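Novice: Sharing model-v7.txt here; it has compact mmCIF, C-alpha atoms.
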```
# COMPACT_ATOMS: atom_id res chain seq x y z
CA MET X 1 1.62 4.96 -42.41
CA SER X 2 1.36 4.57 -46.19
CA SER X 3 4.07 2.99 -48.31
CA ARG X 4 4.95 6.48 -49.58
CA GLN X 5 5.77 7.53 -46.03
CA MET X 6 7.65 4.37 -45.13
CA LEU X 7 11.24 4.61 -44.06
CA ARG X 8 13.86 2.30 -45.55
CA TYR X 9 15.90 -0.33 -43.73
CA SER X 10 18.95 1.94 -43.72
CA ASP X 11 17.08 5.11 -42.67
CA ASP X 12 18.30 4.85 -39.07
CA VAL X 13 15.98 1.88 -38.47
CA LEU X 14 18.56 -0.85 -38.93
CA GLY X 15 21.78 -0.60 -40.89
CA GLY X 16 24.19 2.29 -40.52
CA PRO X 17 27.91 2.53 -39.78
CA GLN X 18 27.89 1.78 -36.07
CA ALA X 19 30.19 -0.85 -34.60
CA ALA X 20 27.10 -2.53 -33.16
CA GLU X 21 25.68 -2.93 -36.68
CA GLN X 22 28.95 -4.49 -37.85
CA ALA X 23 28.72 -6.95 -34.97
CA ARG X 24 25.06 -7.65 -35.78
CA LEU X 25 25.86 -8.38 -39.43
CA ALA X 26 28.77 -10.61 -38.42
CA ALA X 27 26.53 -12.58 -36.05
CA MET X 28 23.90 -12.90 -38.76
CA ALA X 29 26.51 -14.23 -41.18
CA THR X 30 27.67 -16.80 -38.63
CA VAL X 31 24.10 -18.05 -38.25
CA CYS X 32 22.98 -17.93 -41.89
CA ASP X 33 25.98 -18.30 -44.20
CA PRO X 34 26.45 -22.10 -43.90
CA THR X 35 22.85 -22.70 -44.99
CA THR X 36 23.05 -20.09 -47.75
CA ILE X 37 26.26 -21.60 -49.09
CA ARG X 38 24.79 -25.11 -49.06
CA ILE X 39 21.70 -23.96 -50.97
CA LEU X 40 23.80 -22.09 -53.54
CA GLU X 41 26.12 -25.05 -54.03
CA GLU X 42 23.09 -27.28 -54.58
CA ARG X 43 21.91 -24.89 -57.28
CA GLY X 44 25.17 -25.52 -59.15
CA VAL X 45 26.93 -22.17 -58.79
CA ALA X 46 30.34 -22.63 -60.40
CA ALA X 47 33.41 -20.99 -61.89
CA GLY X 48 32.65 -18.49 -64.61
CA TRP X 49 29.19 -17.49 -63.36
CA ARG X 50 28.00 -13.88 -63.24
CA CYS X 51 26.29 -13.29 -59.91
CA LEU X 52 24.23 -10.51 -58.35
CA GLU X 53 24.23 -10.37 -54.54
CA VAL X 54 21.33 -8.10 -53.54
CA GLY X 55 21.46 -6.41 -50.16
CA ALA X 56 24.99 -7.67 -49.60
CA GLY X 57 25.25 -6.42 -45.99
CA SER X 58 28.76 -7.13 -44.75
CA GLY X 59 29.66 -8.94 -47.97
CA SER X 60 30.33 -12.43 -46.62
CA ILE X 61 28.35 -14.21 -49.35
CA ALA X 62 29.64 -11.87 -52.06
CA ARG X 63 33.19 -12.69 -50.97
CA TRP X 64 32.46 -16.42 -51.04
CA LEU X 65 30.88 -16.15 -54.49
CA ALA X 66 33.84 -14.18 -55.86
CA ASP X 67 36.24 -16.89 -54.69
CA LEU X 68 34.04 -19.54 -56.29
CA VAL X 69 33.39 -17.97 -59.71
CA GLY X 70 37.06 -17.04 -60.17
CA ALA X 71 38.66 -14.85 -62.77
CA ASP X 72 36.27 -15.99 -65.52
CA GLY X 73 33.22 -14.94 -63.53
CA HIS X 74 32.04 -11.78 -61.84
CA VAL X 75 30.06 -10.78 -58.76
CA VAL X 76 28.12 -7.55 -58.31
CA ALA X 77 27.45 -6.85 -54.61
CA THR X 78 24.71 -4.24 -54.18
CA ASP X 79 23.11 -2.46 -51.26
CA VAL X 80 21.43 0.86 -50.58
CA ASP X 81 24.12 1.31 -47.93
CA THR X 82 27.54 0.03 -49.06
CA GLY X 83 29.38 1.23 -45.95
CA HIS X 84 30.10 -2.32 -44.77
CA LEU X 85 31.42 -3.48 -48.17
CA SER X 86 34.54 -1.33 -48.42
CA ASP X 87 36.97 -4.16 -47.61
CA LEU X 88 35.74 -6.59 -50.27
CA PRO X 89 38.45 -7.72 -52.73
CA ALA X 90 38.41 -5.85 -56.04
CA ALA X 91 39.22 -8.85 -58.25
CA HIS X 92 36.15 -9.83 -60.32
CA LEU X 93 33.87 -8.19 -57.76
CA THR X 94 32.03 -4.87 -58.09
CA VAL X 95 30.41 -3.03 -55.18
CA LEU X 96 27.44 -0.98 -56.32
CA ARG X 97 25.15 1.36 -54.40
CA HIS X 98 21.84 0.29 -55.86
CA ASP X 99 18.11 0.24 -55.12
CA ILE X 100 16.32 -2.69 -56.75
CA THR X 101 12.97 -0.90 -56.52
CA ARG X 102 13.95 1.92 -58.87
CA ASP X 103 17.45 1.64 -60.35
CA PRO X 104 18.07 -0.02 -63.73
CA ALA X 105 19.68 -3.44 -63.93
CA PRO X 106 23.41 -3.39 -63.16
CA ASP X 107 25.65 -3.26 -66.23
CA ALA X 108 26.73 -6.89 -65.73
CA ALA X 109 23.17 -8.19 -66.32
CA PRO X 110 21.88 -10.68 -67.30
CA PHE X 111 23.06 -12.90 -64.44
CA ASP X 112 23.56 -16.62 -63.97
CA LEU X 113 22.64 -16.21 -60.28
CA ILE X 114 20.69 -13.63 -58.31
CA HIS X 115 20.67 -14.04 -54.53
CA ALA X 116 18.81 -11.85 -52.03
CA ARG X 117 18.79 -12.56 -48.29
CA PHE X 118 16.59 -10.56 -45.90
CA VAL X 119 15.74 -7.96 -48.54
CA LEU X 120 12.37 -8.46 -50.23
CA GLU X 121 10.32 -8.92 -47.05
CA HIS X 122 11.47 -5.45 -45.95
CA LEU X 123 10.18 -3.76 -49.13
CA PRO X 124 6.54 -2.71 -49.53
CA GLU X 125 7.19 -3.05 -53.30
CA ARG X 126 8.48 -6.62 -52.90
CA GLU X 127 6.35 -8.10 -55.68
CA GLU X 128 7.42 -5.48 -58.20
CA ALA X 129 11.05 -5.83 -57.09
CA LEU X 130 10.88 -9.60 -57.57
CA ASP X 131 9.43 -9.07 -61.05
CA ARG X 132 12.46 -6.92 -61.88
CA LEU X 133 14.96 -9.40 -60.48
CA VAL X 134 13.54 -12.24 -62.57
CA THR X 135 13.97 -10.19 -65.75
CA TRP X 136 17.66 -9.68 -64.86
CA LEU X 137 18.32 -13.43 -65.08
CA ARG X 138 19.79 -14.90 -68.23
CA PRO X 139 17.82 -17.81 -69.76
CA GLY X 140 18.63 -20.77 -67.50
CA GLY X 141 19.75 -18.47 -64.69
CA VAL X 142 18.90 -19.17 -61.05
CA ILE X 143 17.34 -16.94 -58.40
CA VAL X 144 17.52 -17.72 -54.66
CA ILE X 145 15.59 -15.60 -52.15
CA GLU X 146 15.73 -15.86 -48.36
CA SER X 147 13.29 -14.12 -46.06
CA ILE X 148 12.42 -14.06 -42.37
CA ALA X 149 9.27 -15.90 -41.30
CA GLY X 150 7.70 -15.24 -37.91
CA PHE X 151 5.69 -18.44 -37.37
CA PRO X 152 8.03 -20.07 -34.76
CA LEU X 153 7.15 -17.32 -32.30
CA ASP X 154 3.60 -18.66 -31.99
CA SER X 155 4.76 -21.63 -29.93
CA SER X 156 7.42 -19.97 -27.78
CA PRO X 157 7.31 -21.09 -24.12
CA HIS X 158 8.92 -17.80 -22.99
CA PRO X 159 6.36 -14.95 -22.96
CA PRO X 160 8.86 -12.05 -22.59
CA PHE X 161 10.98 -13.35 -25.46
CA ALA X 162 7.95 -13.94 -27.67
CA GLN X 163 6.51 -10.50 -26.93
CA ALA X 164 9.83 -8.79 -27.59
CA MET X 165 10.30 -10.61 -30.89
CA ARG X 166 6.75 -9.76 -31.95
CA ALA X 167 7.53 -6.14 -31.07
CA VAL X 168 10.55 -6.30 -33.39
CA ASP X 169 8.28 -7.69 -36.09
CA GLU X 170 5.63 -5.01 -35.56
CA VAL X 171 8.01 -2.06 -35.36
CA LEU X 172 9.63 -3.12 -38.65
CA ALA X 173 6.20 -3.55 -40.22
CA ARG X 174 5.11 -0.08 -39.16
CA SER X 175 8.42 1.64 -39.90
CA ILE X 176 9.59 0.13 -43.19
CA GLY X 177 6.79 -2.18 -44.34
CA THR X 178 8.32 -5.54 -43.38
CA ASP X 179 6.02 -8.55 -43.86
CA SER X 180 7.24 -11.61 -41.96
CA THR X 181 4.26 -13.63 -43.28
CA TRP X 182 5.13 -13.19 -46.97
CA ALA X 183 7.66 -16.03 -47.02
CA ARG X 184 5.13 -18.48 -45.56
CA GLN X 185 3.76 -18.90 -49.10
CA PHE X 186 7.12 -19.94 -50.61
CA PRO X 187 7.78 -21.13 -53.28
CA ALA X 188 4.59 -19.71 -54.85
CA PRO X 189 6.12 -16.28 -55.69
CA LEU X 190 8.65 -18.00 -57.97
CA ALA X 191 6.33 -20.63 -59.40
CA GLY X 192 3.87 -17.87 -60.23
CA ARG X 193 6.53 -16.14 -62.31
CA HIS X 194 6.89 -19.20 -64.55
CA LEU X 195 10.25 -20.30 -63.19
CA VAL X 196 11.13 -23.99 -63.32
CA GLU X 197 12.97 -26.32 -60.93
CA VAL X 198 11.30 -24.40 -58.13
CA GLY X 199 11.91 -25.51 -54.55
CA THR X 200 11.91 -24.36 -50.96
CA ALA X 201 13.57 -25.02 -47.61
CA VAL X 202 13.45 -23.64 -44.08
CA HIS X 203 16.38 -22.84 -41.79
CA LEU X 204 15.36 -22.68 -38.13
CA PRO X 205 18.47 -21.91 -36.05
CA PRO X 206 18.41 -22.31 -32.27
CA THR X 207 18.57 -19.09 -30.27
CA GLY X 208 20.18 -19.41 -26.88
CA ALA X 209 23.25 -20.34 -24.89
CA ALA X 210 24.59 -16.88 -25.77
CA ASN X 211 25.20 -18.13 -29.34
CA ALA X 212 25.48 -16.03 -32.51
CA SER X 213 21.70 -16.03 -33.01
CA ALA X 214 21.19 -14.74 -29.45
CA LEU X 215 23.78 -12.01 -30.07
CA CYS X 216 22.13 -11.02 -33.34
CA TRP X 217 18.71 -10.69 -31.72
CA THR X 218 20.17 -8.88 -28.70
CA LEU X 219 21.73 -6.28 -30.97
CA THR X 220 18.57 -6.02 -33.10
CA LEU X 221 16.33 -5.60 -30.06
CA THR X 222 18.68 -3.04 -28.54
CA ARG X 223 18.79 -1.05 -31.77
CA LEU X 224 15.00 -1.03 -32.13
CA ARG X 225 14.22 -0.51 -28.45
CA ALA X 226 13.49 3.22 -28.66
CA ARG X 227 11.07 2.71 -31.55
CA ILE X 228 9.39 -0.20 -29.75
CA ARG X 229 8.83 1.96 -26.67
CA GLU X 230 7.67 4.93 -28.76
CA LEU X 231 4.96 2.73 -30.30
CA ASP X 232 4.23 1.08 -26.93
CA LEU X 233 4.67 -2.41 -28.37
CA ALA X 234 6.38 -3.78 -25.24
CA SER X 235 7.20 -2.43 -21.81
CA ASP X 236 10.70 -1.79 -20.51
CA ASP X 237 10.25 -4.69 -18.11
CA VAL X 238 9.42 -7.08 -20.95
CA LEU X 239 12.36 -5.89 -23.02
CA ASP X 240 14.72 -6.18 -20.05
CA ASP X 241 13.45 -9.71 -19.36
CA ALA X 242 13.91 -10.71 -23.00
CA LEU X 243 17.46 -9.36 -23.09
CA ALA X 244 18.24 -11.19 -19.84
CA LEU X 245 16.99 -14.44 -21.39
CA LEU X 246 19.14 -13.90 -24.47
CA ALA X 247 22.19 -13.44 -22.21
CA ASP X 248 21.42 -16.56 -20.15
CA PRO X 249 23.63 -19.54 -21.12
CA ALA X 250 20.76 -21.87 -20.14
CA PHE X 251 18.17 -20.21 -22.38
CA PHE X 252 16.87 -21.90 -25.53
CA ASP X 253 14.09 -20.92 -27.92
CA LEU X 254 13.31 -20.42 -31.60
CA ALA X 255 13.07 -16.92 -33.03
CA PHE X 256 12.31 -16.17 -36.66
CA ALA X 257 12.85 -18.85 -39.27
CA THR X 258 14.52 -18.25 -42.62
CA ALA X 259 12.36 -19.40 -45.52
CA ILE X 260 14.31 -20.02 -48.72
CA ALA X 261 12.98 -20.40 -52.26
CA TRP X 262 14.68 -20.89 -55.59
CA GLY X 263 13.86 -21.29 -59.24
CA ARG X 264 15.40 -21.23 -62.71
CA ARG X 265 14.41 -19.06 -65.64
CA ARG X 266 13.38 -21.12 -68.63
CA PRO X 267 16.22 -21.56 -71.17
```
Please lay out the structure from this file as structure tokens.

Specialist:
Amino acid sequence: MSSRQMLRYSDDVLGGPQAAEQARLAAMATVCDPTTIRILEERGVAAGWRCLEVGAGSGSIARWLADLVGADGHVVATDVDTGHLSDLPAAHLTVLRHDITRDPAPDAAPFDLIHARFVLEHLPEREEALDRLVTWLRPGGVIVIESIAGFPLDSSPHPPFAQAMRAVDEVLARSIGTDSTWARQFPAPLAGRHLVEVGTAVHLPPTGAANASALCWTLTLTRLRARIRELDLASDDVLDDALALLADPAFFDLAFATAIAWGRRRP
């Protein structure tokens, strides 16, 4: 399937208005938000900043940023599907339906901060999109990108879980162009764009004991199951075994990591 024929994340692959997707996004926020917030705080985000939250999902980070920047700042929360952003507070926060691969910079540009979590790795045009995001920074502005990385699956001691997670990886690659290996080169994509104060970190949350990570992957696997079977990437027995492991309070493993990179545009 060529990139011209690729679906998008929200084209009934993941995303959408379903209650299950709301629960999946909430579980994802529970797992990822504390690390995201720590990284953003370390980058110096403060009152008065203008921020762009790309692929805002359920809006948890956009909401946190709006509280932080206050009345003197502003947050633009964008997504190609803004259906889960309707309850965000209106004060100094704008919700914008926006595609970073083709739409012009939001009116609030240039930004002090641009943050994108689980966005660029799902875009075949990720390099071009990153080029655009960097140009939307003000001089001295900071960009933080977070992307899934599949390398922990290579050492999983649970074959059904590993096979099911690899099936998730492969079905996203074939359907929308996801590349879970792209982030393994961090922070090179930012250093190569002449940003300074470049750095990287990895968040590797435990999956098991019926925790939020296990719930997130259960909902993701369930949502993608029909596509996985259509492409014959895993059998029903394997998928059933993986879901049973995720529901087992005694289960523990590592799924995808989150690779994080940041950099600052030269003043």

Novice: State, in Å with one decimal place, the distance from atom CA of X:Asp253 to atom CA of X:His203.

Specialist: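 Distance reported for this atom pair: 14.2 Å.
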
Novice: Just to confirm, what's the straight-line distance from atom CA of X:Thr200 to atom CA of X:Phe252 in Å (one decimal)?

Specialist: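 Between atom CA of X:Thr200 and atom CA of X:Phe252 the gap works out to 26.0 Å.
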
Novice: Residues at most 8 Å from X:Leu215, counting only C-alpha atoms, excluding those fewer than 6 positions away in the same chain, as a short mmCIF file (atom, residue, chain, number, x, y, z; two decimals) with C-alpha atoms, in the frame of the given file?

Specialist:
```
data_model
loop_
_atom_site.label_atom_id
_atom_site.label_comp_id
_atom_site.auth_asym_id
_atom_site.auth_seq_id
_atom_site.Cartn_x
_atom_site.Cartn_y
_atom_site.Cartn_z
CA ARG X 24 25.06 -7.65 -35.78
CA ALA X 27 26.53 -12.58 -36.05
CA LEU X 246 19.14 -13.90 -24.47
#
```

Novice: I'd like to know which of X:Asp248, X:Glu230, X:Asp154, X:Asp103 is closest to X:Asn211, using only C-alpha atoms.

Specialist: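 Under the stated criterion, the closest residue is X:Asp248.
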
Novice: Between X:Glu125, X:Asp107, X:Asp169, X:Glu197, which is the closest to X:Arg264 once you count only C-alpha atoms?

Specialist: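 Ranked by minimum distance to X:Arg264, first place goes to X:Glu197.
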
Novice: Quick one, how far is atom CA of X:Arg225 from atom CA of X:Asp240?

Specialist: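 Computing it gives 10.1 Å between the two atoms.
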
Novice: Considering all atoms listed in the file, return as a VMD selection string whatever protein or nucleic-acid residues lie within 10 Å of X:Leu130, sequence-local ones (same chain, fewer than 2 positions apart) excluded.

Specialist: chain X and resid 100 to 101 116 120 125 to 128 132 to 136 143 145 189 to 190 193
